[in-house]
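To be precise, the following lines are entry-v7.txt, and they hold compact mmCIF, C-alpha atoms and all ligand atoms.
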# COMPACT_ATOMS: atom_id res chain seq x y z
CA MET A 1187 -0.47 -4.76 28.36
CA ALA A 1188 0.22 -4.26 24.66
CA THR A 1189 1.77 -6.40 21.96
CA VAL A 1190 5.03 -5.38 20.32
CA TYR A 1191 6.16 -6.97 17.05
CA VAL A 1192 9.91 -7.53 16.62
CA LEU A 1193 10.59 -8.19 12.93
CA ASN A 1194 13.87 -9.34 11.43
CA GLY A 1195 14.84 -9.26 7.76
CA PRO A 1196 17.04 -11.34 5.47
CA ASN A 1197 20.02 -13.37 6.68
CA LEU A 1198 19.42 -12.55 10.33
CA ASN A 1199 18.47 -16.22 10.80
CA LEU A 1200 22.19 -16.89 10.27
CA LEU A 1201 23.34 -14.82 13.25
CA GLY A 1202 25.88 -16.69 15.34
CA SER A 1203 27.70 -18.05 12.29
CA ARG A 1204 27.37 -15.15 9.83
CA GLU A 1205 30.29 -12.66 9.70
CA THR A 1206 30.92 -12.99 13.42
CA ALA A 1207 33.58 -10.24 13.31
CA VAL A 1208 30.77 -7.82 12.42
CA TYR A 1209 27.70 -9.32 14.09
CA GLY A 1210 29.17 -11.30 16.99
CA ALA A 1211 28.36 -14.81 18.18
CA THR A 1212 24.85 -14.14 19.48
CA THR A 1213 22.18 -16.14 17.68
CA LEU A 1214 18.73 -14.92 16.67
CA ALA A 1215 17.29 -17.27 19.31
CA ASP A 1216 19.41 -15.45 21.94
CA ILE A 1217 18.07 -12.11 20.68
CA GLU A 1218 14.53 -13.46 20.82
CA LYS A 1219 15.04 -14.35 24.50
CA LEU A 1220 16.46 -10.89 25.19
CA CYS A 1221 13.41 -9.30 23.52
CA MET A 1222 10.95 -11.50 25.43
CA ASP A 1223 12.62 -10.45 28.70
CA ALA A 1224 12.62 -6.75 27.72
CA GLY A 1225 8.94 -7.02 26.75
CA GLN A 1226 8.04 -8.66 30.04
CA ARG A 1227 9.99 -6.07 32.01
CA ASN A 1228 7.94 -3.36 30.28
CA GLY A 1229 4.66 -5.22 30.72
CA HIS A 1230 4.25 -6.01 27.02
CA SER A 1231 4.04 -9.24 25.09
CA VAL A 1232 6.45 -9.71 22.19
CA VAL A 1233 5.80 -11.41 18.83
CA PHE A 1234 9.22 -12.20 17.34
CA ARG A 1235 9.64 -13.13 13.65
CA GLN A 1236 12.25 -13.37 10.88
CA SER A 1237 11.83 -13.57 7.12
CA ASN A 1238 14.14 -13.55 4.12
CA HIS A 1239 11.26 -12.22 1.99
CA GLU A 1240 10.45 -8.54 1.53
CA GLY A 1241 6.72 -9.11 0.89
CA GLU A 1242 6.35 -11.14 4.07
CA LEU A 1243 7.86 -8.26 6.07
CA VAL A 1244 5.35 -5.91 4.38
CA ASP A 1245 2.51 -8.31 5.33
CA TRP A 1246 3.69 -8.38 8.95
CA LEU A 1247 3.94 -4.57 9.12
CA GLN A 1248 0.35 -4.33 7.86
CA GLU A 1249 -0.71 -6.98 10.37
CA ALA A 1250 1.00 -5.04 13.16
CA ASN A 1251 -1.20 -2.07 12.36
CA THR A 1252 -4.22 -3.91 13.78
CA LYS A 1253 -2.57 -6.39 16.16
CA ALA A 1254 0.30 -4.49 17.79
CA ALA A 1255 0.94 -1.21 19.57
CA GLY A 1256 4.34 -0.79 17.94
CA VAL A 1257 7.11 -2.47 15.96
CA VAL A 1258 10.85 -2.93 16.32
CA ILE A 1259 12.37 -3.86 12.96
CA ASN A 1260 15.83 -4.85 11.80
CA PRO A 1261 15.19 -4.84 8.06
CA GLY A 1262 18.68 -6.22 7.24
CA ALA A 1263 19.75 -5.37 3.69
CA TYR A 1264 16.20 -4.26 2.77
CA THR A 1265 17.01 -1.17 4.84
CA HIS A 1266 19.08 0.09 1.94
CA THR A 1267 16.83 -0.97 -0.95
CA SER A 1268 13.18 -1.22 0.02
CA ILE A 1269 10.71 1.47 -0.96
CA ALA A 1270 8.05 -1.17 -0.17
CA LEU A 1271 9.08 -1.24 3.51
CA HIS A 1272 9.23 2.57 3.53
CA ASP A 1273 5.68 2.76 2.13
CA ALA A 1274 4.34 0.08 4.51
CA ILE A 1275 5.69 1.94 7.55
CA ARG A 1276 4.28 5.21 6.19
CA ALA A 1277 0.91 3.55 5.72
CA ILE A 1278 0.52 2.20 9.24
CA GLY A 1279 -0.36 4.16 12.34
CA VAL A 1280 1.80 2.40 14.93
CA PRO A 1281 5.31 3.62 15.82
CA VAL A 1282 8.22 1.73 14.27
CA ILE A 1283 11.75 1.65 15.71
CA GLU A 1284 14.59 0.71 13.33
CA VAL A 1285 17.44 -1.27 14.82
CA HIS A 1286 20.76 -2.54 13.46
CA LEU A 1287 23.34 -4.62 15.26
CA SER A 1288 26.23 -2.89 13.51
CA ASN A 1289 26.87 0.81 13.05
CA ILE A 1290 25.79 1.05 9.41
CA PHE A 1291 27.43 4.49 9.09
CA ALA A 1292 30.85 3.09 9.93
CA ARG A 1293 30.59 0.47 7.17
CA GLU A 1294 30.43 0.45 3.36
CA GLU A 1295 28.91 3.52 1.75
CA PHE A 1296 25.93 1.56 0.34
CA ARG A 1297 24.82 0.95 3.94
CA HIS A 1298 24.77 4.66 4.82
CA HIS A 1299 21.34 5.27 3.29
CA SER A 1300 18.21 3.84 4.90
CA TYR A 1301 14.76 3.94 3.30
CA VAL A 1302 13.34 3.10 6.73
CA SER A 1303 14.90 5.86 8.88
CA PRO A 1304 12.81 8.77 7.50
CA VAL A 1305 9.59 6.97 8.49
CA ALA A 1306 10.84 5.42 11.75
CA ARG A 1307 9.99 6.86 15.15
CA GLY A 1308 13.57 6.21 16.25
CA VAL A 1309 16.76 4.53 15.05
CA LEU A 1310 19.37 2.54 16.98
CA CYS A 1311 22.53 1.10 15.48
CA GLY A 1312 25.90 -0.14 16.63
CA PHE A 1313 24.92 -1.51 20.03
CA GLY A 1314 24.79 -5.17 18.99
CA PRO A 1315 21.96 -7.28 20.50
CA LYS A 1316 21.55 -4.72 23.30
CA GLY A 1317 20.07 -2.41 20.64
CA TYR A 1318 16.94 -4.57 20.49
CA GLU A 1319 16.47 -4.19 24.24
CA LEU A 1320 17.01 -0.41 24.03
CA ALA A 1321 14.53 -0.25 21.14
CA ILE A 1322 11.86 -2.09 23.17
CA ASP A 1323 12.49 0.20 26.17
CA GLY A 1324 12.25 3.26 23.89
CA LEU A 1325 9.08 2.00 22.27
CA ALA A 1326 7.51 1.19 25.65
CA ASN A 1327 8.36 4.71 26.79
CA ALA A 1328 6.83 6.22 23.67
CA LEU A 1329 3.67 4.13 24.20
CA LYS A 1330 3.35 5.50 27.74
CA ALA A 1331 3.57 9.12 26.55
C1 LIG A 1401 22.15 -5.01 9.59
C2 LIG A 1401 22.96 -4.05 8.73
C3 LIG A 1401 22.61 -4.22 7.26
O1 LIG A 1401 23.40 -3.35 6.46
C4 LIG A 1401 22.88 -5.65 6.80
O2 LIG A 1401 22.48 -5.82 5.47
C5 LIG A 1401 22.26 -6.65 7.69
C6 LIG A 1401 22.31 -6.44 9.14
C7 LIG A 1401 22.58 -4.93 11.08
O3 LIG A 1401 21.83 -5.42 11.92
O4 LIG A 1401 23.66 -4.42 11.39
O5 LIG A 1401 21.78 -7.68 7.25
O6 LIG A 1401 20.78 -4.62 9.53
Translate this structure into structure tokens?
Amino acid sequence: MATVYVLNGPNLNLLGSRETAVYGATTLADIEKLCMDAGQRNGHSVVFRQSNHEGELVDWLQEANTKAAGVVINPGAYTHTSIALHDAIRAIGVPVIEVHLSNIFAREEFRHHSYVSPVARGVLCGFGPKGYELAIDGLANALKA
């Protein structure tokens, strides 16, 4: 049994009330439950966190390097701006799966570029909360291989 970190970036604490036409009515607590269930189904324990602060996400990625077998991350808007997250993922040895609730390629042009994708093991976007579950399944599969 391994530990999987699920990390969430800025404004994702507001899910359920934030731009519901884009992100739906599901809250972050609902997504946490979904991730816990997906972890359990795959025989892994899940550590689920959210921060509005870039440095804290960097700290957690570094922590995951020694405490987790892999990471699922929704970096929120830092996806499109953060060389620090890119470097942190590059620096660690565990696989990282990038997930987005919305299809970032079907939205504004500034969301089309991700600093995280080139260093991610896999990317999922546009599947809503289900994407987190698919990311955990994909990560668990990669860990088996
Ligand atoms: C998001 C997409 C980002 O562009 C946005 O800044 C978010 C959420 C998503 O899950 O669809 O905060 O990562």
Of the listed residues A:Tyr1209, A:Phe1234, A:Trp1246, A:Phe1313, that which approaches Ile1278 of chain A most closely, counting only C-alpha atoms:
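Among the listed residues, the smallest separation from Ile1278 of chain A belongs to A:Trp1246.
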Using atom CA of Glu1249 of chain A and atom CA of Arg1235 of chain A as the two end points, give the distance in Å to one decimal.
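Straight-line distance from atom CA of Glu1249 of chain A to atom CA of Arg1235 of chain A works out to 12.5 Å.
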Enumerate as a PyMOL selection string the residues within 8 Å of ligand LIG 1401 (chain A), counting only C-alpha atoms and all ligand atoms.
chain A and resi 1195-1198+1208-1209+1260-1266+1285-1290+1297+1311-1312+1314
Ranking A:Leu1243, A:Phe1296, A:Gln1236, A:Met1222 by minimum distance to Asp1273 of chain A and counting all atoms listed in the file, which one comes first?
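Under the stated criterion, the closest residue is A:Leu1243.
Taking all atoms listed in the file into account, Lys1330 of chain A lies nearest to A:Ala1255 out of the set A:Leu1201, A:Ile1275, A:Ala1255, A:Ala1211.
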Expressed in Å, the length from atom CA of Asp1245 of chain A to atom CA of Ala1274 of chain A is 8.6 Å
Mind giving me the straight-line distance from atom CA of Val1233 of chain A to atom CA of Asn1194 of chain A in Å, one decimal?
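Taking atom CA of Val1233 of chain A and atom CA of Asn1194 of chain A, their separation equals 11.1 Å.
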Between A:Leu1220, A:Leu1214, A:Leu1329, A:Ala1270, smallest distance to Asn1199 of chain A by only C-alpha atoms belongs to A:Leu1214
Shortest interatomic distance to Gly1229 of chain A - which of A:Met1187, A:Leu1193, A:Val1244, A:Ile1322, counting all atoms listed in the file:
A:Met1187
Would you mind telling me which residue in A:Tyr1301, A:Val1309, A:Thr1206, A:Ile1283 lies nearest to Gly1256 of chain A when using all atoms listed in the file?
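Looking only at the distances to Gly1256 of chain A, the closest residue turns out to be A:Ile1283.
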Grab all the atoms of segment 1246-1264 of chain A that the file lists, wrap them in a box along x, y and z, add 6 Å per side, and give me centre plus edge lengths in Å (one decimal) as JSON.
{"center_x": 7.8, "center_y": -4.6, "center_z": 11.2, "size_x": 36.0, "size_y": 19.6, "size_z": 28.8}
Spatial neighbours of Ala1306 of chain A, 9 Å, all atoms listed in the file, chain gap at least 6 places, as a PyMOL selection string
chain A and resi 1272+1275-1276+1281-1284
Shell around Leu1320 of chain A at 10 Å using only C-alpha atoms, local window under 3 positions removed, as a ChimeraX atom specification:
/A:1221,1224,1285,1310,1313,1315-1317,1323-1326
Which neighbours of Ala1254 of chain A fall inside 8 Å, counting all atoms listed in the file, when residues of the same chain fewer than 3 positions from it are skipped, and could you give them as a PyMOL selection string?
chain A and resi 1188-1191+1249-1251+1257+1280
